[in-house]
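The structure under discussion appears below in the form of structure tokens.
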Amino acid sequence: MTADGANLLALRSHNMALVLDLLRTAGAKGISRLELAERTGLTPQAVSKITARLRDEGLVTEAGRRASTGGKPRTVLRLVPEAGHAVGLHLERDGLRAVLVDLTGAVLGERRTSLDLGAGAEAVLSAAVGETGSLVEAFLTGSLLGVGVALPGPLDHTRGVLHRVTGFPEWDGFPLRDALARRLGGPVVVDKDTNAAALGLAVGGEGGSFAYLHLGTGLGAGLVIGGAVHRGARTGAGEFGHQVVQLDGPPCGCGNRGCVEALCLAAVARGEVDEAARVLGIGAGNLVSLLDIDLVLLGGRTVEAAPDAFLRGVRAVLDECARRLGEDAVPVRVASGGVAEGAAQLVLAPLFGRTDG
Ligand SMILES: [Zn+2]
């Protein structure tokens, strides 16, 4: 990773992050300094100072002029997408997906490889370093700001240390962030797969408060409350899959019985997708009534294999909940972004002030 990249990630003011985020969301058509001042509440002088510095750093450039009512045409500014890049790695139990994205989050390159998350630290680190290197070699022109890594929890996002990862308890205590940062020679951020996906969706424009439910080989949730990812004090929020919905039900991998994950995966294994969707819906209903969220998004490979059935099943349960309360049902959709894209946002989002809740 380059010195430029380190500079871009250096501590920035809150106001600069606000301006950068407005430039990011304005896209290629850009935004004028006056609009930036109006939208941030900053003075035009403060905006000019910030945009001058961003231009000096190569993050912002002119995007032409736009007519304004009654005055002279205003210069419009836009973000320079290629001014910085990030790699996002999604470590799954049996595979690794890696993406290289630019500052806007657009995917410039992608790689997939098989990976055994239980093969030991050396094998997993080598694969992560190898895939990052291949992506960078093939697609990167410019600076790499860092690498975001998303994997199943539990883990400590703040310190980048893994706990007893579901199915792979041998990772307990492993400092993945520091180990990978040493090997890559640059910043690394580690988070749960569900949190990374939720962050990616929030940065990508899903507003308000929502839950991202990820059903793959396990079941978890990423929670966005008021626009920010809610991780909890120990990155323990979103352990959605291990809520008990059937007392003395079938055993679960977590050691408890009757968890929503165990019931859901058992139904999938029996080929009863409608039943799995109903179980997922029951869990989603609990979450909606607990947190009063605006939206439920579904993702993960099990959902992607039968999206219509899962949407139908979850929607039916939420509709029924809403009917009982005499309220409008919370909408359910299939999530548009992947976990690896969200992992890249672990690096990029702080630049735009899109940090932790
Ligand atoms: Zn469980």
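In the structure tokens, chains take the letters A, B, ... in the order shown, each chain's residues start at 1, and ligands count up from 1 in the order shown.
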
* Extract, using only C-alpha atoms, all DNA, RNA and protein residues at most 6 Å from range 301-307 of chain A, discarding same-chain residues fewer than 2 positions from it, and format them as JSON, numbers by chain. => {"A": [215, 216, 299, 309, 310]}

With C-alpha atoms retained, could you export that selection as a JSON list (two decimals), in the first residue's frame?
```json
[["chain", "number", "residue", "atom", "x", "y", "z"],
["A", 215, "LEU", "CA", -28.79, -16.99, 5.47],
["A", 216, "GLY", "CA", -25.90, -19.01, 4.11],
["A", 299, "GLY", "CA", -29.14, -12.12, 1.53],
["A", 309, "ALA", "CA", -39.77, -18.40, -1.81],
["A", 310, "PHE", "CA", -37.88, -16.61, 0.99]]
```

* To do: Name the residues of range 66-305 of chain A that fall into strand (DSSP E or B) according to DSSP on the backbone, using the chain letters and numbers of this document, as a PyMOL selection string.
  => chain A and resi 66+74-79+85-91+95-102+107-114+144-151+155-156+161-162+165+168+188-192+210-215+219-225+228-229+244+251+257+259+295-299

Given the selection you just returned, output its residues as a file containing C-alpha atoms, formatted as a compact mmCIF listing (two decimals), in the first residue's frame.
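Dumped to selection.txt:
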```
# COMPACT_ATOMS: atom_id res chain seq x y z
CA ARG A 66 -24.13 24.73 -14.33
CA ARG A 74 -21.63 27.92 -10.85
CA THR A 75 -18.67 25.62 -11.01
CA VAL A 76 -19.69 22.07 -10.20
CA LEU A 77 -17.34 19.73 -8.34
CA ARG A 78 -17.25 15.95 -8.34
CA LEU A 79 -15.42 13.19 -6.51
CA HIS A 85 -9.23 2.12 -3.77
CA ALA A 86 -9.94 -0.60 -1.27
CA VAL A 87 -9.96 -4.38 -1.33
CA GLY A 88 -12.83 -6.25 0.32
CA LEU A 89 -12.36 -9.89 1.33
CA HIS A 90 -15.24 -12.17 2.27
CA LEU A 91 -13.93 -15.25 4.08
CA GLY A 95 -14.50 -20.02 0.00
CA LEU A 96 -13.04 -16.56 -0.42
CA ARG A 97 -14.41 -13.75 -2.57
CA ALA A 98 -12.29 -10.66 -3.12
CA VAL A 99 -13.20 -7.38 -4.81
CA LEU A 100 -11.27 -4.24 -5.68
CA VAL A 101 -13.43 -1.10 -5.53
CA ASP A 102 -12.84 2.58 -6.22
CA VAL A 107 -16.26 -2.92 -8.35
CA LEU A 108 -13.24 -2.81 -10.68
CA GLY A 109 -12.20 -6.44 -10.31
CA GLU A 110 -13.27 -9.63 -8.57
CA ARG A 111 -11.75 -13.00 -7.66
CA ARG A 112 -13.13 -16.17 -6.12
CA THR A 113 -11.30 -19.17 -4.76
CA SER A 114 -12.09 -22.14 -2.56
CA LEU A 144 -4.79 1.28 -2.21
CA LEU A 145 -6.17 2.67 1.05
CA GLY A 146 -6.53 -0.63 2.85
CA VAL A 147 -8.14 -4.05 3.02
CA GLY A 148 -11.45 -4.85 4.73
CA VAL A 149 -12.07 -8.43 5.84
CA ALA A 150 -15.50 -9.89 6.62
CA LEU A 151 -16.02 -13.34 8.12
CA LEU A 155 -15.14 -11.49 16.80
CA ASP A 156 -13.99 -8.16 18.19
CA VAL A 161 -9.36 -10.27 17.07
CA LEU A 162 -11.38 -13.41 16.36
CA VAL A 165 -15.87 -18.41 15.14
CA PHE A 168 -14.09 -23.01 13.86
CA VAL A 188 -6.69 -3.76 7.63
CA VAL A 189 -10.18 -3.63 9.17
CA VAL A 190 -11.98 -6.79 10.33
CA ASP A 191 -15.70 -7.22 10.96
CA LYS A 192 -18.47 -9.79 10.96
CA PHE A 210 -32.98 -1.76 8.69
CA ALA A 211 -31.96 -5.35 9.33
CA TYR A 212 -29.92 -7.37 6.89
CA LEU A 213 -30.59 -11.09 7.44
CA HIS A 214 -27.88 -13.33 6.04
CA LEU A 215 -28.79 -16.99 5.47
CA LEU A 219 -27.88 -17.34 9.95
CA GLY A 220 -27.02 -13.88 11.27
CA ALA A 221 -28.11 -10.26 11.08
CA GLY A 222 -26.48 -6.90 10.48
CA LEU A 223 -28.36 -4.01 12.07
CA VAL A 224 -28.36 -0.42 10.82
CA ILE A 225 -30.01 1.98 13.25
CA ALA A 228 -25.11 3.62 11.37
CA VAL A 229 -24.16 -0.02 11.87
CA VAL A 244 -34.55 -19.69 20.78
CA PRO A 251 -29.81 -29.08 19.05
CA ARG A 257 -31.57 -26.01 21.44
CA CYS A 259 -32.48 -21.74 17.78
CA LEU A 295 -37.00 -2.46 6.27
CA VAL A 296 -35.83 -6.09 6.19
CA LEU A 297 -33.25 -7.11 3.58
CA LEU A 298 -32.43 -10.77 2.85
CA GLY A 299 -29.14 -12.12 1.53
```

For chain A against ligand 1, with a cut-off of 8 Å and counting only C-alpha atoms and all ligand atoms, what is the closest atom pair and its distance in Å to one decimal for every residue that makes the cut, ordered by chain and number, as a Markdown table?
```
| residue | atom | partner | partner_atom_place_in_ligand_line | distance |
| --- | --- | --- | --- | --- |
| A:Gly241 | CA | ligand 1 | 1 (Zn) | 6.3 |
| A:His242 | CA | ligand 1 | 1 (Zn) | 3.9 |
| A:Gln243 | CA | ligand 1 | 1 (Zn) | 6.9 |
| A:Val244 | CA | ligand 1 | 1 (Zn) | 7.4 |
| A:Pro251 | CA | ligand 1 | 1 (Zn) | 7.7 |
| A:Cys252 | CA | ligand 1 | 1 (Zn) | 4.6 |
| A:Gly253 | CA | ligand 1 | 1 (Zn) | 5.8 |
| A:Cys254 | CA | ligand 1 | 1 (Zn) | 4.3 |
| A:Gly255 | CA | ligand 1 | 1 (Zn) | 6.4 |
| A:Asn256 | CA | ligand 1 | 1 (Zn) | 5.3 |
| A:Arg257 | CA | ligand 1 | 1 (Zn) | 6.5 |
| A:Gly258 | CA | ligand 1 | 1 (Zn) | 7.2 |
| A:Cys259 | CA | ligand 1 | 1 (Zn) | 4.6 |
| A:Val260 | CA | ligand 1 | 1 (Zn) | 7.2 |
| A:Glu261 | CA | ligand 1 | 1 (Zn) | 6.2 |
| A:Ala262 | CA | ligand 1 | 1 (Zn) | 6.4 |
```

Those same residues, written as a PDB file, in the first residue's frame with C-alpha atoms?
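The resulting file, result04.pdb, is reproduced below:
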```pdb
ATOM      1  CA  GLY A 241     -29.609 -16.908  14.485  1.00  0.00           C
ATOM      2  CA  HIS A 242     -29.353 -18.039  18.092  1.00  0.00           C
ATOM      3  CA  GLN A 243     -32.618 -16.712  19.443  1.00  0.00           C
ATOM      4  CA  VAL A 244     -34.547 -19.692  20.780  1.00  0.00           C
ATOM      5  CA  PRO A 251     -29.809 -29.077  19.052  1.00  0.00           C
ATOM      6  CA  CYS A 252     -27.935 -26.144  17.488  1.00  0.00           C
ATOM      7  CA  GLY A 253     -24.219 -25.801  16.690  1.00  0.00           C
ATOM      8  CA  CYS A 254     -24.013 -23.126  19.414  1.00  0.00           C
ATOM      9  CA  GLY A 255     -24.781 -25.674  22.142  1.00  0.00           C
ATOM     10  CA  ASN A 256     -28.342 -24.476  22.767  1.00  0.00           C
ATOM     11  CA  ARG A 257     -31.570 -26.012  21.442  1.00  0.00           C
ATOM     12  CA  GLY A 258     -34.348 -24.735  19.223  1.00  0.00           C
ATOM     13  CA  CYS A 259     -32.479 -21.745  17.777  1.00  0.00           C
ATOM     14  CA  VAL A 260     -33.970 -20.099  14.706  1.00  0.00           C
ATOM     15  CA  GLU A 261     -30.753 -21.023  12.815  1.00  0.00           C
ATOM     16  CA  ALA A 262     -31.061 -24.729  13.662  1.00  0.00           C
TER      17      ALA A 262
END
```

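Minimum atom-to-atom distance to Leu290 in chain A, evaluated using only C-alpha atoms, belongs to A:Phe240 out of A:Pro154, A:Phe240, A:Leu103, A:Thr132.
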
* Asked: How many Å lie between CA of Gln345 in chain A and CA of Gly30 in chain A, rounded to one decimal?
  -> 21.4 Å

* Asked: Expressed in Å to a single decimal, how great is the separation between CA of Ala123 in chain A and CA of Glu170 in chain A?
  ->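 Distance reported for this atom pair: 13.8 Å.
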
* **DSSP alpha helix (DSSP H) residues within range 70-249 of chain A, listed as a ChimeraX atom specification** => /A:121-139,176-184,193-203

* **Which of A:Thr40, A:Asn15, A:Ser126, A:Thr104 sits closest to Ala28 in chain A [using only C-alpha atoms]** => A:Thr104

* To do: Report the distance between CA of Gly281 in chain A and CA of Arg333 in chain A in Å, rounded to one decimal place.
  =>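 So the answer is 12.5 Å.
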
* **Counting only C-alpha atoms, the residue of A:Ile50, A:Val317, A:Val273, A:Ala329 that sits nearest Asp292 in chain A** =>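 Smallest separation from Asp292 in chain A among the options: A:Ala329.
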